[in-house]
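Asker: Quick one: this structure, given as structure tokens, is what I'll be asking you about.
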Amino acid sequence: MMSKQETMPNIALGAWSWGAGASGGDQVFGNHLFEEDLKPVFEAAMEKGLNLWDTAAVYGEGTSERILGNFVKEVERKDVILSTKFTPQIASDSSAAMQEMLNGSKERLHADVIDVYWIHNPMDVERWTPDLIPLAKSGQIKTIGVSNHNLAEIKRANEILAAEGLKISAVQNHYSLLHRSSERAGILDYCKENGITFYSYMVLEQGALTGRYSEENPFPEGTGRGEAYNPHLKELTALIDELKIIGTRFDASPAQIATAWAVAKGTLPIIGVTKVGQVEEAAKAAQIELSAEEVSRLEKLGDETVVRTLREWEKEM
């Protein structure tokens, strides 16, 4: 366990847009990607030491996990760090609902043990947090995470776990230059003080901060991200221009600078990857060190966009 954690990369790769189906790559991203498209992506990542993969049972009704699992079974299990999630909204009525969902994840991922297991959202902290305890104590999950929880919910979950000698090791929330509510709410500080890794998802706002999209070149219509960002592409121009300017100093893209910002803030960004080029970009972004002045300049422009990127499954922190 220690050797794996010591070599933990400072970014994770996300498989949300892999596969298809409810909450899947086709509906949210407008993608239709399966094993043949994604195998080179997985191989490139592993070659670069980016071996921390984030998925969830709910992504594409299990297809994201299944595709990732088909690659995992071809490598040494110890060489991959697997992060997946229990989503309360799709849980059965059974008293063993969490164990059942974990069993499905383990089967699809070809893994007896999950390295980081998350409660995907705080539908009911009192109801679901205790169910993590037997999973951790039986060694089926190595570390516990909570996602989309506010500070009060994180603290309460930690109290419930502490009574059994366990703790939260990871928090995963939406965090980007357009959405810093976890920082303002004190969650980042709480994580630092308690040795909790803060995973930032949607750091690139599903592509809105990559510089690829503009008023002239909007997101695909009829997708979740198109509806969320197309109305605001004009307001993002100044921020994206600054990402490009800072990028010239590092020979880096806007996406790499937005990722490097999240690293500079002490978070572990999750970067969704569907192409080999994105893996190469992510690996390079992990090496970029921004100055304090660049960080604050980007944040000022991010705040000035006044674009609200809270999505339908989220709440303000």
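Note on naming: chains are A, B, ... as they come in the structure tokens, residues start from 1 per chain, ligands start from 1 in the order shown.
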Quick one: contact table of region 72-110 of chain A to region 15-23 of chain A, 12 Å max, nearest atom pair and distance in Å to one decimal per residue, counting only C-alpha atoms, chain and number order, as JSON lines?
Answerer:
{"residue": "A:Leu82", "atom": "CA", "partner": "A:Ala15", "partner_atom": "CA", "distance": 11.0}
{"residue": "A:Ser83", "atom": "CA", "partner": "A:Ala15", "partner_atom": "CA", "distance": 10.3}
{"residue": "A:Thr84", "atom": "CA", "partner": "A:Ala15", "partner_atom": "CA", "distance": 10.0}
{"residue": "A:Lys85", "atom": "CA", "partner": "A:Trp16", "partner_atom": "CA", "distance": 11.5}
{"residue": "A:Thr87", "atom": "CA", "partner": "A:Ser23", "partner_atom": "CA", "distance": 11.6}
{"residue": "A:Gln89", "atom": "CA", "partner": "A:Ser23", "partner_atom": "CA", "distance": 11.9}
{"residue": "A:Ile90", "atom": "CA", "partner": "A:Ala22", "partner_atom": "CA", "distance": 11.1}
Asker: If you run DSSP on the backbone here, which positions in region 138-222 of chain A get strand (DSSP E)? Please write them as a list in words.
Answerer: Ile141, Lys142, Thr143, Ile144, Gly145, Val146, Ser147, Ile168, Ser169, Ala170, Val171, Gln172, Asn173, His174, Thr197, Phe198, Tyr199, Ser200 and Tyr201 of chain A
Asker: Here is a test: counting only C-alpha atoms, which residue of A:Lys167, A:Lys284, A:Arg156, A:Arg180 is nearest to Ile196 (chain A)?
Answerer: A:Lys167
Asker: Go through A:Trp128, A:Tyr175, A:Tyr190, A:Trp261 one by one, measure the shortest atom-to-atom distance of each to Lys155 (chain A) using only C-alpha atoms, and give the residue with the smallest value.
Answerer: A:Tyr190
Asker: Taking the backbone alone, and naming residues the way the document does, which bits of region 103-316 of chain A are alpha helix (DSSP H) by DSSP, as an MDAnalysis selection string?
Answerer: chainID A and resid 103:109 125:128 132:137 151:162 181:184 187:193 224:229 237:250 254:264 276:285 292:305
Asker: Region 235-242 of chain A: which residues within 9 Å, counting only C-alpha atoms, same-chain residues fewer than 2 positions away excluded, as a ChimeraX atom specification?
Answerer: /A:177,208-211,214,231-233,244-247,254,297-302,304-307
Asker: Within 9 Å of region 65-73 of chain A, counting only C-alpha atoms, which residues qualify if same-chain residues fewer than 3 places away don't, as a list in words?
Answerer: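 Here the answer would be Ala15, Trp18, Gly19, Phe34, Glu35, Leu38, Lys39, Phe42, Glu43, Trp53, Thr55, Ala56, Ala57, Val58, Tyr59, Gly60, Glu61, Gly62, Glu76, Arg77, Val80, Thr84, Ser105, Lys106, Glu107, Arg108, Leu109, His110 and Ala111 of chain A.
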Asker: Could you give me, as a PDB file with all heavy atoms, in the first residue's frame, the residues within 12 Å of Pro122 (chain A), counting only C-alpha atoms and dropping anything in the same chain fewer than 3 positions from it?
Answerer:
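The resulting around-v5.pdb:
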ATOM      1  N   PHE A  86     -19.855   4.964  -4.862  1.00  0.00           N
ATOM      2  CA  PHE A  86     -21.208   4.512  -4.529  1.00  0.00           C
ATOM      3  C   PHE A  86     -22.134   5.710  -4.721  1.00  0.00           C
ATOM      4  O   PHE A  86     -21.940   6.764  -4.107  1.00  0.00           O
ATOM      5  CB  PHE A  86     -21.261   4.050  -3.064  1.00  0.00           C
ATOM      6  CG  PHE A  86     -22.664   3.898  -2.545  1.00  0.00           C
ATOM      7  CD1 PHE A  86     -23.400   2.759  -2.837  1.00  0.00           C
ATOM      8  CD2 PHE A  86     -23.262   4.910  -1.795  1.00  0.00           C
ATOM      9  CE1 PHE A  86     -24.713   2.632  -2.383  1.00  0.00           C
ATOM     10  CE2 PHE A  86     -24.571   4.788  -1.346  1.00  0.00           C
ATOM     11  CZ  PHE A  86     -25.299   3.636  -1.636  1.00  0.00           C
ATOM     12  N   THR A  87     -23.124   5.560  -5.580  1.00  0.00           N
ATOM     13  CA  THR A  87     -24.062   6.658  -5.852  1.00  0.00           C
ATOM     14  C   THR A  87     -25.409   6.336  -5.212  1.00  0.00           C
ATOM     15  O   THR A  87     -26.110   5.422  -5.665  1.00  0.00           O
ATOM     16  CB  THR A  87     -24.219   6.856  -7.375  1.00  0.00           C
ATOM     17  OG1 THR A  87     -22.920   7.073  -7.944  1.00  0.00           O
ATOM     18  CG2 THR A  87     -25.107   8.061  -7.682  1.00  0.00           C
ATOM     19  N   PRO A  88     -25.794   7.055  -4.149  1.00  0.00           N
ATOM     20  CA  PRO A  88     -27.039   6.727  -3.434  1.00  0.00           C
ATOM     21  C   PRO A  88     -28.279   6.678  -4.331  1.00  0.00           C
ATOM     22  O   PRO A  88     -29.162   5.850  -4.131  1.00  0.00           O
ATOM     23  CB  PRO A  88     -27.162   7.851  -2.397  1.00  0.00           C
ATOM     24  CG  PRO A  88     -25.775   8.355  -2.196  1.00  0.00           C
ATOM     25  CD  PRO A  88     -25.071   8.177  -3.507  1.00  0.00           C
ATOM     26  N   GLN A  89     -28.320   7.564  -5.339  1.00  0.00           N
ATOM     27  CA  GLN A  89     -29.523   7.661  -6.185  1.00  0.00           C
ATOM     28  C   GLN A  89     -29.821   6.377  -6.952  1.00  0.00           C
ATOM     29  O   GLN A  89     -30.952   6.169  -7.373  1.00  0.00           O
ATOM     30  CB  GLN A  89     -29.388   8.823  -7.184  1.00  0.00           C
ATOM     31  CG  GLN A  89     -29.610  10.184  -6.565  1.00  0.00           C
ATOM     32  CD  GLN A  89     -28.387  10.714  -5.848  1.00  0.00           C
ATOM     33  OE1 GLN A  89     -27.411   9.999  -5.623  1.00  0.00           O
ATOM     34  NE2 GLN A  89     -28.427  11.974  -5.461  1.00  0.00           N
ATOM     35  N   TRP A 118     -15.738   6.122  -2.756  1.00  0.00           N
ATOM     36  CA  TRP A 118     -16.413   7.376  -2.424  1.00  0.00           C
ATOM     37  C   TRP A 118     -17.908   7.197  -2.248  1.00  0.00           C
ATOM     38  O   TRP A 118     -18.531   6.425  -2.971  1.00  0.00           O
ATOM     39  CB  TRP A 118     -16.245   8.377  -3.569  1.00  0.00           C
ATOM     40  CG  TRP A 118     -14.866   8.606  -4.061  1.00  0.00           C
ATOM     41  CD1 TRP A 118     -14.149   7.807  -4.923  1.00  0.00           C
ATOM     42  CD2 TRP A 118     -14.024   9.714  -3.766  1.00  0.00           C
ATOM     43  NE1 TRP A 118     -12.933   8.350  -5.165  1.00  0.00           N
ATOM     44  CE2 TRP A 118     -12.822   9.531  -4.476  1.00  0.00           C
ATOM     45  CE3 TRP A 118     -14.178  10.855  -2.964  1.00  0.00           C
ATOM     46  CZ2 TRP A 118     -11.762  10.440  -4.407  1.00  0.00           C
ATOM     47  CZ3 TRP A 118     -13.132  11.757  -2.901  1.00  0.00           C
ATOM     48  CH2 TRP A 118     -11.943  11.546  -3.609  1.00  0.00           C
ATOM     49  N   ILE A 119     -18.471   8.011  -1.356  1.00  0.00           N
ATOM     50  CA  ILE A 119     -19.916   8.257  -1.425  1.00  0.00           C
ATOM     51  C   ILE A 119     -20.060   9.446  -2.368  1.00  0.00           C
ATOM     52  O   ILE A 119     -19.529  10.530  -2.114  1.00  0.00           O
ATOM     53  CB  ILE A 119     -20.521   8.541  -0.036  1.00  0.00           C
ATOM     54  CG1 ILE A 119     -20.454   7.262   0.812  1.00  0.00           C
ATOM     55  CG2 ILE A 119     -21.960   9.034  -0.184  1.00  0.00           C
ATOM     56  CD1 ILE A 119     -21.165   7.339   2.144  1.00  0.00           C
ATOM     57  N   VAL A 125     -26.223  11.626   4.855  1.00  0.00           N
ATOM     58  CA  VAL A 125     -24.950  11.320   5.524  1.00  0.00           C
ATOM     59  C   VAL A 125     -25.147  10.293   6.638  1.00  0.00           C
ATOM     60  O   VAL A 125     -24.362   9.345   6.770  1.00  0.00           O
ATOM     61  CB  VAL A 125     -24.303  12.615   6.072  1.00  0.00           C
ATOM     62  CG1 VAL A 125     -23.056  12.298   6.901  1.00  0.00           C
ATOM     63  CG2 VAL A 125     -23.930  13.542   4.918  1.00  0.00           C
ATOM     64  N   GLU A 126     -26.210  10.452   7.427  1.00  0.00           N
ATOM     65  CA  GLU A 126     -26.454   9.531   8.550  1.00  0.00           C
ATOM     66  C   GLU A 126     -26.767   8.120   8.049  1.00  0.00           C
ATOM     67  O   GLU A 126     -26.371   7.131   8.660  1.00  0.00           O
ATOM     68  CB  GLU A 126     -27.635  10.022   9.417  1.00  0.00           C
ATOM     69  CG  GLU A 126     -27.488  11.435   9.950  1.00  0.00           C
ATOM     70  CD  GLU A 126     -26.315  11.617  10.914  1.00  0.00           C
ATOM     71  OE1 GLU A 126     -25.999  10.660  11.666  1.00  0.00           O
ATOM     72  OE2 GLU A 126     -25.709  12.692  10.900  1.00  0.00           O
ATOM     73  N   ARG A 127     -27.478   8.050   6.947  1.00  0.00           N
ATOM     74  CA  ARG A 127     -27.900   6.749   6.414  1.00  0.00           C
ATOM     75  C   ARG A 127     -26.723   5.994   5.788  1.00  0.00           C
ATOM     76  O   ARG A 127     -26.546   4.800   6.006  1.00  0.00           O
ATOM     77  CB  ARG A 127     -29.010   6.972   5.374  1.00  0.00           C
ATOM     78  CG  ARG A 127     -29.271   5.822   4.386  1.00  0.00           C
ATOM     79  CD  ARG A 127     -30.017   4.676   5.025  1.00  0.00           C
ATOM     80  NE  ARG A 127     -30.170   3.533   4.136  1.00  0.00           N
ATOM     81  CZ  ARG A 127     -29.290   2.553   3.995  1.00  0.00           C
ATOM     82  NH1 ARG A 127     -28.140   2.583   4.640  1.00  0.00           N
ATOM     83  NH2 ARG A 127     -29.526   1.532   3.181  1.00  0.00           N
ATOM     84  N   TRP A 128     -25.913   6.689   4.970  1.00  0.00           N
ATOM     85  CA  TRP A 128     -24.949   5.970   4.136  1.00  0.00           C
ATOM     86  C   TRP A 128     -23.545   5.874   4.712  1.00  0.00           C
ATOM     87  O   TRP A 128     -22.847   4.888   4.460  1.00  0.00           O
ATOM     88  CB  TRP A 128     -24.909   6.584   2.733  1.00  0.00           C
ATOM     89  CG  TRP A 128     -26.191   6.403   1.986  1.00  0.00           C
ATOM     90  CD1 TRP A 128     -27.063   7.381   1.603  1.00  0.00           C
ATOM     91  CD2 TRP A 128     -26.767   5.169   1.550  1.00  0.00           C
ATOM     92  NE1 TRP A 128     -28.149   6.835   0.958  1.00  0.00           N
ATOM     93  CE2 TRP A 128     -27.995   5.475   0.907  1.00  0.00           C
ATOM     94  CE3 TRP A 128     -26.367   3.828   1.633  1.00  0.00           C
ATOM     95  CZ2 TRP A 128     -28.819   4.497   0.363  1.00  0.00           C
ATOM     96  CZ3 TRP A 128     -27.192   2.851   1.087  1.00  0.00           C
ATOM     97  CH2 TRP A 128     -28.403   3.191   0.457  1.00  0.00           C
ATOM     98  N   THR A 129     -23.102   6.880   5.461  1.00  0.00           N
ATOM     99  CA  THR A 129     -21.707   6.840   5.938  1.00  0.00           C
ATOM    100  C   THR A 129     -21.396   5.566   6.731  1.00  0.00           C
ATOM    101  O   THR A 129     -20.340   4.956   6.501  1.00  0.00           O
ATOM    102  CB  THR A 129     -21.376   8.103   6.775  1.00  0.00           C
ATOM    103  OG1 THR A 129     -21.791   9.259   6.047  1.00  0.00           O
ATOM    104  CG2 THR A 129     -19.884   8.191   7.067  1.00  0.00           C
ATOM    105  N   GLY A 145     -13.537   8.140   0.667  1.00  0.00           N
ATOM    106  CA  GLY A 145     -13.710   9.501   0.177  1.00  0.00           C
ATOM    107  C   GLY A 145     -15.170   9.909   0.189  1.00  0.00           C
ATOM    108  O   GLY A 145     -16.066   9.060   0.152  1.00  0.00           O
ATOM    109  N   VAL A 146     -15.412  11.216   0.262  1.00  0.00           N
ATOM    110  CA  VAL A 146     -16.770  11.740   0.084  1.00  0.00           C
ATOM    111  C   VAL A 146     -16.733  12.807  -1.001  1.00  0.00           C
ATOM    112  O   VAL A 146     -15.802  13.591  -1.070  1.00  0.00           O
ATOM    113  CB  VAL A 146     -17.380  12.308   1.397  1.00  0.00           C
ATOM    114  CG1 VAL A 146     -17.608  11.201   2.417  1.00  0.00           C
ATOM    115  CG2 VAL A 146     -16.524  13.417   1.996  1.00  0.00           C
ATOM    116  N   SER A 147     -17.751  12.815  -1.831  1.00  0.00           N
ATOM    117  CA  SER A 147     -17.804  13.729  -2.969  1.00  0.00           C
ATOM    118  C   SER A 147     -19.059  14.596  -2.880  1.00  0.00           C
ATOM    119  O   SER A 147     -20.098  14.135  -2.403  1.00  0.00           O
ATOM    120  CB  SER A 147     -17.819  12.896  -4.253  1.00  0.00           C
ATOM    121  OG  SER A 147     -17.869  13.720  -5.390  1.00  0.00           O
ATOM    122  N   ASN A 148     -18.929  15.844  -3.324  1.00  0.00           N
ATOM    123  CA  ASN A 148     -20.058  16.790  -3.348  1.00  0.00           C
ATOM    124  C   ASN A 148     -20.649  17.053  -1.961  1.00  0.00           C
ATOM    125  O   ASN A 148     -21.799  17.454  -1.840  1.00  0.00           O
ATOM    126  CB  ASN A 148     -21.172  16.298  -4.299  1.00  0.00           C
ATOM    127  CG  ASN A 148     -20.704  16.196  -5.729  1.00  0.00           C
ATOM    128  OD1 ASN A 148     -20.156  17.139  -6.277  1.00  0.00           O
ATOM    129  ND2 ASN A 148     -20.888  15.041  -6.337  1.00  0.00           N
ATOM    130  N   HIS A 149     -19.860  16.832  -0.917  1.00  0.00           N
ATOM    131  CA  HIS A 149     -20.300  17.105   0.460  1.00  0.00           C
ATOM    132  C   HIS A 149     -19.851  18.515   0.849  1.00  0.00           C
ATOM    133  O   HIS A 149     -18.751  18.944   0.499  1.00  0.00           O
ATOM    134  CB  HIS A 149     -19.659  16.112   1.443  1.00  0.00           C
ATOM    135  CG  HIS A 149     -20.244  14.727   1.419  1.00  0.00           C
ATOM    136  ND1 HIS A 149     -20.402  13.994   0.263  1.00  0.00           N
ATOM    137  CD2 HIS A 149     -20.691  13.936   2.439  1.00  0.00           C
ATOM    138  CE1 HIS A 149     -20.927  12.802   0.569  1.00  0.00           C
ATOM    139  NE2 HIS A 149     -21.114  12.740   1.874  1.00  0.00           N
ATOM    140  N   ASN A 150     -20.682  19.214   1.626  1.00  0.00           N
ATOM    141  CA  ASN A 150     -20.251  20.510   2.148  1.00  0.00           C
ATOM    142  C   ASN A 150     -19.466  20.292   3.447  1.00  0.00           C
ATOM    143  O   ASN A 150     -19.319  19.156   3.905  1.00  0.00           O
ATOM    144  CB  ASN A 150     -21.439  21.477   2.318  1.00  0.00           C
ATOM    145  CG  ASN A 150     -22.426  21.023   3.382  1.00  0.00           C
ATOM    146  OD1 ASN A 150     -22.096  20.270   4.292  1.00  0.00           O
ATOM    147  ND2 ASN A 150     -23.663  21.501   3.266  1.00  0.00           N
ATOM    148  N   LEU A 151     -18.959  21.373   4.037  1.00  0.00           N
ATOM    149  CA  LEU A 151     -18.067  21.223   5.186  1.00  0.00           C
ATOM    150  C   LEU A 151     -18.751  20.531   6.365  1.00  0.00           C
ATOM    151  O   LEU A 151     -18.171  19.634   6.986  1.00  0.00           O
ATOM    152  CB  LEU A 151     -17.515  22.597   5.608  1.00  0.00           C
ATOM    153  CG  LEU A 151     -16.418  22.570   6.687  1.00  0.00           C
ATOM    154  CD1 LEU A 151     -15.257  21.668   6.295  1.00  0.00           C
ATOM    155  CD2 LEU A 151     -15.921  23.983   6.966  1.00  0.00           C
ATOM    156  N   ALA A 152     -19.996  20.920   6.643  1.00  0.00           N
ATOM    157  CA  ALA A 152     -20.715  20.299   7.769  1.00  0.00           C
ATOM    158  C   ALA A 152     -20.898  18.800   7.530  1.00  0.00           C
ATOM    159  O   ALA A 152     -20.753  17.985   8.446  1.00  0.00           O
ATOM    160  CB  ALA A 152     -22.069  20.979   7.968  1.00  0.00           C
ATOM    161  N   GLU A 153     -21.193  18.439   6.297  1.00  0.00           N
ATOM    162  CA  GLU A 153     -21.399  17.016   5.964  1.00  0.00           C
ATOM    163  C   GLU A 153     -20.091  16.221   6.039  1.00  0.00           C
ATOM    164  O   GLU A 153     -20.077  15.071   6.487  1.00  0.00           O
ATOM    165  CB  GLU A 153     -22.017  16.905   4.568  1.00  0.00           C
ATOM    166  CG  GLU A 153     -23.479  17.345   4.553  1.00  0.00           C
ATOM    167  CD  GLU A 153     -23.999  17.701   3.171  1.00  0.00           C
ATOM    168  OE1 GLU A 153     -23.191  17.966   2.246  1.00  0.00           O
ATOM    169  OE2 GLU A 153     -25.235  17.729   3.009  1.00  0.00           O
ATOM    170  N   ILE A 154     -18.999  16.857   5.602  1.00  0.00           N
ATOM    171  CA  ILE A 154     -17.684  16.189   5.681  1.00  0.00           C
ATOM    172  C   ILE A 154     -17.333  15.940   7.146  1.00  0.00           C
ATOM    173  O   ILE A 154     -16.919  14.837   7.525  1.00  0.00           O
ATOM    174  CB  ILE A 154     -16.588  17.042   5.000  1.00  0.00           C
ATOM    175  CG1 ILE A 154     -16.845  17.184   3.500  1.00  0.00           C
ATOM    176  CG2 ILE A 154     -15.196  16.434   5.236  1.00  0.00           C
ATOM    177  CD1 ILE A 154     -16.024  18.280   2.819  1.00  0.00           C
ATOM    178  N   ARG A 156     -19.346  15.738   9.715  1.00  0.00           N
ATOM    179  CA  ARG A 156     -20.252  14.742  10.309  1.00  0.00           C
ATOM    180  C   ARG A 156     -19.859  13.324   9.872  1.00  0.00           C
ATOM    181  O   ARG A 156     -19.813  12.403  10.689  1.00  0.00           O
ATOM    182  CB  ARG A 156     -21.704  15.049   9.903  1.00  0.00           C
ATOM    183  CG  ARG A 156     -22.727  14.079  10.474  1.00  0.00           C
ATOM    184  CD  ARG A 156     -22.774  14.093  12.005  1.00  0.00           C
ATOM    185  NE  ARG A 156     -23.523  12.957  12.532  1.00  0.00           N
ATOM    186  CZ  ARG A 156     -23.067  12.107  13.457  1.00  0.00           C
ATOM    187  NH1 ARG A 156     -21.869  12.271  13.980  1.00  0.00           N
ATOM    188  NH2 ARG A 156     -23.823  11.102  13.868  1.00  0.00           N
ATOM    189  N   ALA A 157     -19.544  13.161   8.586  1.00  0.00           N
ATOM    190  CA  ALA A 157     -19.117  11.848   8.098  1.00  0.00           C
ATOM    191  C   ALA A 157     -17.845  11.413   8.824  1.00  0.00           C
ATOM    192  O   ALA A 157     -17.700  10.253   9.212  1.00  0.00           O
ATOM    193  CB  ALA A 157     -18.890  11.895   6.589  1.00  0.00           C
ATOM    194  N   VAL A 171     -11.563  14.069  -0.333  1.00  0.00           N
ATOM    195  CA  VAL A 171     -12.783  14.828  -0.632  1.00  0.00           C
ATOM    196  C   VAL A 171     -12.724  15.167  -2.116  1.00  0.00           C
ATOM    197  O   VAL A 171     -11.669  15.560  -2.622  1.00  0.00           O
ATOM    198  CB  VAL A 171     -12.855  16.120   0.212  1.00  0.00           C
ATOM    199  CG1 VAL A 171     -13.907  17.093  -0.331  1.00  0.00           C
ATOM    200  CG2 VAL A 171     -13.155  15.790   1.675  1.00  0.00           C
ATOM    201  N   GLN A 172     -13.830  14.983  -2.821  1.00  0.00           N
ATOM    202  CA  GLN A 172     -13.860  15.286  -4.256  1.00  0.00           C
ATOM    203  C   GLN A 172     -15.022  16.215  -4.556  1.00  0.00           C
ATOM    204  O   GLN A 172     -16.177  15.841  -4.398  1.00  0.00           O
ATOM    205  CB  GLN A 172     -13.994  13.983  -5.066  1.00  0.00           C
ATOM    206  CG  GLN A 172     -14.046  14.223  -6.558  1.00  0.00           C
ATOM    207  CD  GLN A 172     -14.106  12.943  -7.395  1.00  0.00           C
ATOM    208  OE1 GLN A 172     -14.682  12.947  -8.470  1.00  0.00           O
ATOM    209  NE2 GLN A 172     -13.513  11.861  -6.902  1.00  0.00           N
ATOM    210  N   ASN A 173     -14.685  17.442  -4.949  1.00  0.00           N
ATOM    211  CA  ASN A 173     -15.719  18.431  -5.284  1.00  0.00           C
ATOM    212  C   ASN A 173     -15.376  19.136  -6.588  1.00  0.00           C
ATOM    213  O   ASN A 173     -14.211  19.176  -7.004  1.00  0.00           O
ATOM    214  CB  ASN A 173     -15.844  19.488  -4.170  1.00  0.00           C
ATOM    215  CG  ASN A 173     -16.579  18.977  -2.936  1.00  0.00           C
ATOM    216  OD1 ASN A 173     -17.167  17.906  -2.950  1.00  0.00           O
ATOM    217  ND2 ASN A 173     -16.534  19.738  -1.854  1.00  0.00           N
ATOM    218  N   TRP A 313     -26.637  18.387 -10.386  1.00  0.00           N
ATOM    219  CA  TRP A 313     -26.444  17.445  -9.265  1.00  0.00           C
ATOM    220  C   TRP A 313     -25.727  18.108  -8.088  1.00  0.00           C
ATOM    221  O   TRP A 313     -25.460  17.449  -7.085  1.00  0.00           O
ATOM    222  CB  TRP A 313     -25.646  16.227  -9.737  1.00  0.00           C
ATOM    223  CG  TRP A 313     -24.240  16.574 -10.153  1.00  0.00           C
ATOM    224  CD1 TRP A 313     -23.136  16.671  -9.342  1.00  0.00           C
ATOM    225  CD2 TRP A 313     -23.810  16.927 -11.463  1.00  0.00           C
ATOM    226  NE1 TRP A 313     -22.034  17.060 -10.087  1.00  0.00           N
ATOM    227  CE2 TRP A 313     -22.423  17.221 -11.382  1.00  0.00           C
ATOM    228  CE3 TRP A 313     -24.456  17.027 -12.707  1.00  0.00           C
ATOM    229  CZ2 TRP A 313     -21.688  17.594 -12.512  1.00  0.00           C
ATOM    230  CZ3 TRP A 313     -23.703  17.403 -13.808  1.00  0.00           C
ATOM    231  CH2 TRP A 313     -22.335  17.688 -13.706  1.00  0.00           C
ATOM    232  N   GLU A 314     -25.399  19.398  -8.208  1.00  0.00           N
ATOM    233  CA  GLU A 314     -24.552  20.048  -7.212  1.00  0.00           C
ATOM    234  C   GLU A 314     -25.310  21.073  -6.391  1.00  0.00           C
ATOM    235  O   GLU A 314     -26.408  21.495  -6.732  1.00  0.00           O
ATOM    236  CB  GLU A 314     -23.392  20.761  -7.914  1.00  0.00           C
ATOM    237  CG  GLU A 314     -22.492  19.841  -8.687  1.00  0.00           C
ATOM    238  CD  GLU A 314     -21.394  20.592  -9.398  1.00  0.00           C
ATOM    239  OE1 GLU A 314     -21.646  21.698  -9.915  1.00  0.00           O
ATOM    240  OE2 GLU A 314     -20.275  20.061  -9.446  1.00  0.00           O
ATOM    241  N   LYS A 315     -24.616  21.520  -5.316  1.00  0.00           N
ATOM    242  CA  LYS A 315     -25.133  22.623  -4.510  1.00  0.00           C
ATOM    243  C   LYS A 315     -23.967  23.549  -4.206  1.00  0.00           C
ATOM    244  O   LYS A 315     -22.801  23.142  -4.288  1.00  0.00           O
ATOM    245  CB  LYS A 315     -25.728  22.083  -3.218  1.00  0.00           C
ATOM    246  CG  LYS A 315     -24.709  21.286  -2.402  1.00  0.00           C
ATOM    247  CD  LYS A 315     -25.329  20.681  -1.157  1.00  0.00           C
ATOM    248  CE  LYS A 315     -24.273  19.819  -0.453  1.00  0.00           C
ATOM    249  NZ  LYS A 315     -24.812  19.031   0.621  1.00  0.00           N
ATOM    250  N   MET A 317     -21.297  25.225  -1.927  1.00  0.00           N
ATOM    251  CA  MET A 317     -20.673  24.690  -0.718  1.00  0.00           C
ATOM    252  C   MET A 317     -20.832  25.711   0.397  1.00  0.00           C
ATOM    253  O   MET A 317     -20.230  26.175   1.059  1.00  0.00           O
ATOM    254  CB  MET A 317     -19.212  24.359  -0.982  1.00  0.00           C
ATOM    255  CG  MET A 317     -19.097  23.125  -1.865  1.00  0.00           C
ATOM    256  SD  MET A 317     -19.831  21.689  -1.078  1.00  0.00           S
ATOM    257  CE  MET A 317     -20.334  20.687  -2.429  1.00  0.00           C
TER     258      MET A 317
END
Asker: Rank nothing, just name the residue among A:Glu221, A:Glu294, A:Glu193, A:Asp79 nearest to Gly30 (chain A), using only C-alpha atoms.
Answerer: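 The shortest atom-to-atom distance to Gly30 (chain A) comes from A:Glu221.
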Asker: For a quick check of understanding, using only C-alpha atoms, which of A:Gln140, A:Asn10, A:Thr274, A:Ser296 has the smallest distance to Asn51 (chain A)?
Answerer: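 Of all the options, A:Asn10 lies closest to Asn51 (chain A).
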Asker: Go ahead and compute the interatomic distance for CA of Lys48 (chain A) and CA of Pro269 (chain A), in Å to one decimal.
Answerer: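 Straight-line distance from CA of Lys48 (chain A) to CA of Pro269 (chain A) works out to 16.4 Å.
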Asker: Have a look at A:Ala91, A:Leu178, A:Ile168, A:Leu50 and name the one nearest to Gly195 (chain A); count only C-alpha atoms.
Answerer: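 The shortest atom-to-atom distance to Gly195 (chain A) comes from A:Ile168.
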Asker: Interatomic distance between CA of Ser253 (chain A) and CA of Gly272 (chain A)?
Answerer: 15.6 Å
Asker: Figure out the distance between CA of Val203 (chain A) and CA of Gly104 (chain A), please, to one decimal in Å.
Answerer: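 Taking CA of Gly104 (chain A) as the start and CA of Val203 (chain A) as the end point, the length is 28.5 Å.
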